[in-house]
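Since the structure comes first, as structure tokens, the remarks are kept for the end.
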Amino acid sequence: MSPFPYTAVVLAIAAVIGLIAGTAAATMRRGREPGTGPTGRTVLARGATYAALAAVLGVAAWLGTPGIAVLAALLGAVGLAEWSALASLPRHHQVALQVTNLAIVALVSRLGAGAAEWVVGGATLGGMLWPVIRADPTRAMRDLGFAAVGTILLPGMLAHGIALTVERGELGAATFVALAVAAAGSDVGAFVVGRRFGRTPLAPRLSPTKTRAGAVGNVLGAAIGIAVFAPVLVTGFGVGFTIALVPIVALGSVWGDLLESAAKREAGQKDAGRWLPGFGGLLDRIDSLLITLPLAYWTLRLVDLAGGTAR
């Protein structure tokens with residue numbers, strides 16, 4: 001078995017189990033005060049969901065590019081379904097989004113970043129057909145806009161994880177897992193620290209419950225997640241880039257969370273869905289990863305261009 005994927009599988013599961021235990025302990029302590037904190041049942045549901053996602057993530061990394069591609073396709077498909085519901089997109093746009101998701105995954109799996117010209121050009125031309133074929137002057141451009149944003153936000157951003165694996169092999173697969181676990185850690189850190197110490201809202205118009213103290217928790221959680229993978233990341237990229245991943249993940253987590261909050265507020269919804277135990281919808285779980293992946297990918301590309309190596 002290849003060393004990097006194997007290490008990623010083991011560490012991903014261990015790290016997420018640690019996140020579950022820490023979240024459960026902190027929230028249960030907070031929950032002793034009447035009317036505060038999630039219930040014990042909610043904590044257990046969240047723990048089970050984290051464990052299931054960790055197992056899926058580990059298997060995907062173990063399989064390498066095919067596994068990461070299938071995972072990205074599944075996340076994109078479910079995320080697009082939730083996005084379509086938030087935006088009330090018509091059926092033909094929903095079908096087009098699912099086809100586009102599969103096309104992006106297939107192209108990036110084959111070509112890596114070289115698929116960009118095909119993806120951007122093809123998706124743009126295809127999208128421009130709908131206002132003409134299905135003429136509806138009352139909402140044609142509005143639907144096209146939401147569909148375009150959904151394509152960029154979900155398969156477009158998740159494709160960076162596939163490109164990492166295509167272009168960097170086993171190390172790329174391990175990095176994908178590290179970023180996913182660190183993003184989850186950042187979310188957990190924000191929740192725990194925000195509930196304990198949060199007083200000042202971070203972005204009251206978008207998400208009144210998010211606080212500046214929670215943003216500090218984002219950094220702490222991201223640091224813990226990256227630290228778990230430090231032996232793999234330092235070996236592959238060096239100390240500097242590994243440390244830089246902490247603020248990258250923390251920034252991506254806050255950014256992605258607030259971006260989804262903006263979409264949900266416009267749609268008048270609290271959650272993107274209600275089917276994921278303990279959380280709501282899948283978008284509510286992967287919003288941090290959607291920004292973290294491209295931030296890390298393009299930072300790595302810029303480092304490569306500047307010095308020829310991430311070290």
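Every chain in the structure tokens has a letter given in the order shown (A, B, ...), and although residue numbers restart at 1 in each chain, ligands are simply numbered from 1 in the order shown.
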
Which residues, written as a PyMOL selection string, have at least one atom at most 8 Å from range 291-295 of chain A, with only C-alpha atoms counted and residues fewer than 6 positions away on the same chain left out? chain A and resi 157-158+160-161+176+179+183+248-249+251-253+255-256

Output of the above residues as a PDB file, in the first residue's frame, restricted to N, CA and C atoms:
```
ATOM      1  N   MET A 157     -15.018  24.480  -7.273  1.00  0.00           N
ATOM      2  CA  MET A 157     -14.097  24.550  -6.136  1.00  0.00           C
ATOM      3  C   MET A 157     -13.615  23.161  -5.709  1.00  0.00           C
ATOM      4  N   LEU A 158     -14.515  22.171  -5.705  1.00  0.00           N
ATOM      5  CA  LEU A 158     -14.125  20.810  -5.324  1.00  0.00           C
ATOM      6  C   LEU A 158     -13.109  20.223  -6.309  1.00  0.00           C
ATOM      7  N   HIS A 160     -10.529  21.430  -7.325  1.00  0.00           N
ATOM      8  CA  HIS A 160      -9.155  21.702  -6.893  1.00  0.00           C
ATOM      9  C   HIS A 160      -8.592  20.537  -6.077  1.00  0.00           C
ATOM     10  N   GLY A 161      -9.452  19.841  -5.366  1.00  0.00           N
ATOM     11  CA  GLY A 161      -8.998  18.662  -4.636  1.00  0.00           C
ATOM     12  C   GLY A 161      -8.595  17.539  -5.571  1.00  0.00           C
ATOM     13  N   PHE A 176      -5.323  16.671   0.442  1.00  0.00           N
ATOM     14  CA  PHE A 176      -6.782  16.824   0.372  1.00  0.00           C
ATOM     15  C   PHE A 176      -7.408  16.427   1.704  1.00  0.00           C
ATOM     16  N   LEU A 179      -6.576  18.974   4.480  1.00  0.00           N
ATOM     17  CA  LEU A 179      -7.375  20.193   4.374  1.00  0.00           C
ATOM     18  C   LEU A 179      -8.807  19.951   4.831  1.00  0.00           C
ATOM     19  N   ALA A 183     -10.295  21.801   8.036  1.00  0.00           N
ATOM     20  CA  ALA A 183     -11.482  22.640   7.886  1.00  0.00           C
ATOM     21  C   ALA A 183     -12.559  22.239   8.894  1.00  0.00           C
ATOM     22  N   ILE A 248      -4.536  29.804   6.115  1.00  0.00           N
ATOM     23  CA  ILE A 248      -5.284  29.556   4.881  1.00  0.00           C
ATOM     24  C   ILE A 248      -6.581  28.814   5.195  1.00  0.00           C
ATOM     25  N   VAL A 249      -6.487  27.770   5.998  1.00  0.00           N
ATOM     26  CA  VAL A 249      -7.681  27.000   6.358  1.00  0.00           C
ATOM     27  C   VAL A 249      -8.639  27.846   7.192  1.00  0.00           C
ATOM     28  N   LEU A 251      -8.980  31.137   7.299  1.00  0.00           N
ATOM     29  CA  LEU A 251      -9.609  32.142   6.436  1.00  0.00           C
ATOM     30  C   LEU A 251     -10.659  31.496   5.541  1.00  0.00           C
ATOM     31  N   GLY A 252     -10.303  30.350   4.934  1.00  0.00           N
ATOM     32  CA  GLY A 252     -11.250  29.669   4.067  1.00  0.00           C
ATOM     33  C   GLY A 252     -12.505  29.237   4.799  1.00  0.00           C
ATOM     34  N   SER A 253     -12.352  28.820   6.044  1.00  0.00           N
ATOM     35  CA  SER A 253     -13.505  28.367   6.831  1.00  0.00           C
ATOM     36  C   SER A 253     -14.458  29.516   7.127  1.00  0.00           C
ATOM     37  N   TRP A 255     -14.626  32.440   5.547  1.00  0.00           N
ATOM     38  CA  TRP A 255     -15.096  32.950   4.255  1.00  0.00           C
ATOM     39  C   TRP A 255     -16.216  32.064   3.716  1.00  0.00           C
ATOM     40  N   GLY A 256     -15.968  30.755   3.671  1.00  0.00           N
ATOM     41  CA  GLY A 256     -16.968  29.843   3.131  1.00  0.00           C
ATOM     42  C   GLY A 256     -18.239  29.838   3.947  1.00  0.00           C
TER      43      GLY A 256
END
```

Skipping near chain neighbours, those fewer than 3 positions away, what residues fall within 6 Å of range 188-204 of chain A using only C-alpha atoms, listed as a ChimeraX atom specification? /A:185,207-208,210-215,217-218,221

Only C-alpha atoms, please: the residues just picked out, written as a PDB file, in the first residue's frame.
```pdb
ATOM      1  CA  GLY A 185     -11.375  21.274  13.048  1.00  0.00           C
ATOM      2  CA  SER A 207     -24.689  35.451  10.664  1.00  0.00           C
ATOM      3  CA  PRO A 208     -25.474  37.010  14.066  1.00  0.00           C
ATOM      4  CA  LYS A 210     -20.744  34.062  14.650  1.00  0.00           C
ATOM      5  CA  THR A 211     -18.367  36.028  16.865  1.00  0.00           C
ATOM      6  CA  ARG A 212     -14.842  37.403  16.804  1.00  0.00           C
ATOM      7  CA  ALA A 213     -13.886  34.926  19.521  1.00  0.00           C
ATOM      8  CA  GLY A 214     -15.194  32.195  17.245  1.00  0.00           C
ATOM      9  CA  ALA A 215     -12.801  33.405  14.539  1.00  0.00           C
ATOM     10  CA  GLY A 217     -11.360  29.335  17.459  1.00  0.00           C
ATOM     11  CA  ASN A 218     -11.173  28.881  13.688  1.00  0.00           C
ATOM     12  CA  GLY A 221      -8.999  24.319  15.242  1.00  0.00           C
TER      13      GLY A 221
END
```

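Counting only C-alpha atoms, the residue from A:Leu86, A:Leu289, A:Gly281, A:Tyr50 that sits nearest to Ala72 in chain A is A:Leu289.
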
Could you list, as an NGL selection string, every residue within 9 Å of Pro247 in chain A, counting only C-alpha atoms and ignoring same-chain residues fewer than 6 positions away? :A and (218-219 or 222-223)

Give the answer as one residue: which of A:Gly225, A:Gly156, A:Gly79, A:Pro90 has the shortest atom-to-atom distance to Val119 in chain A, using only C-alpha atoms?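 The closest residue to Val119 in chain A is A:Gly156.
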
For CA of Ala48 in chain A and CA of Val78 in chain A, determine how far apart the two atoms are, in Å to one decimal place. 19.1 Å

Using only C-alpha atoms, which residues of range 57-124 of chain A come within 12 Å of range 134-141 of chain A, and what is the closest atom pair for each, with the distance in Å to one decimal? Give it as CSV, sorted by chain and residue number.
```
residue,atom,partner,partner_atom,distance
A:Ala87,CA,A:Arg139,CA,11.5
A:Ser88,CA,A:Arg139,CA,10.9
A:Leu89,CA,A:Arg139,CA,9.8
A:Pro90,CA,A:Ala140,CA,10.0
A:Arg91,CA,A:Arg134,CA,11.2
A:His92,CA,A:Arg134,CA,8.8
A:His93,CA,A:Arg134,CA,10.0
```

Residue selection dump (C-alpha atoms) as a PDB file, in the first residue's frame:
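The file below, part-v3.pdb, is the result:
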```pdb
ATOM      1  CA  ALA A  87     -32.413  29.071  -5.409  1.00  0.00           C
ATOM      2  CA  SER A  88     -35.684  27.424  -6.560  1.00  0.00           C
ATOM      3  CA  LEU A  89     -34.091  26.551  -9.897  1.00  0.00           C
ATOM      4  CA  PRO A  90     -36.292  24.920 -12.554  1.00  0.00           C
ATOM      5  CA  ARG A  91     -35.865  21.263 -13.451  1.00  0.00           C
ATOM      6  CA  HIS A  92     -33.880  21.825 -16.645  1.00  0.00           C
ATOM      7  CA  HIS A  93     -31.287  23.857 -14.755  1.00  0.00           C
TER       8      HIS A  93
END
```
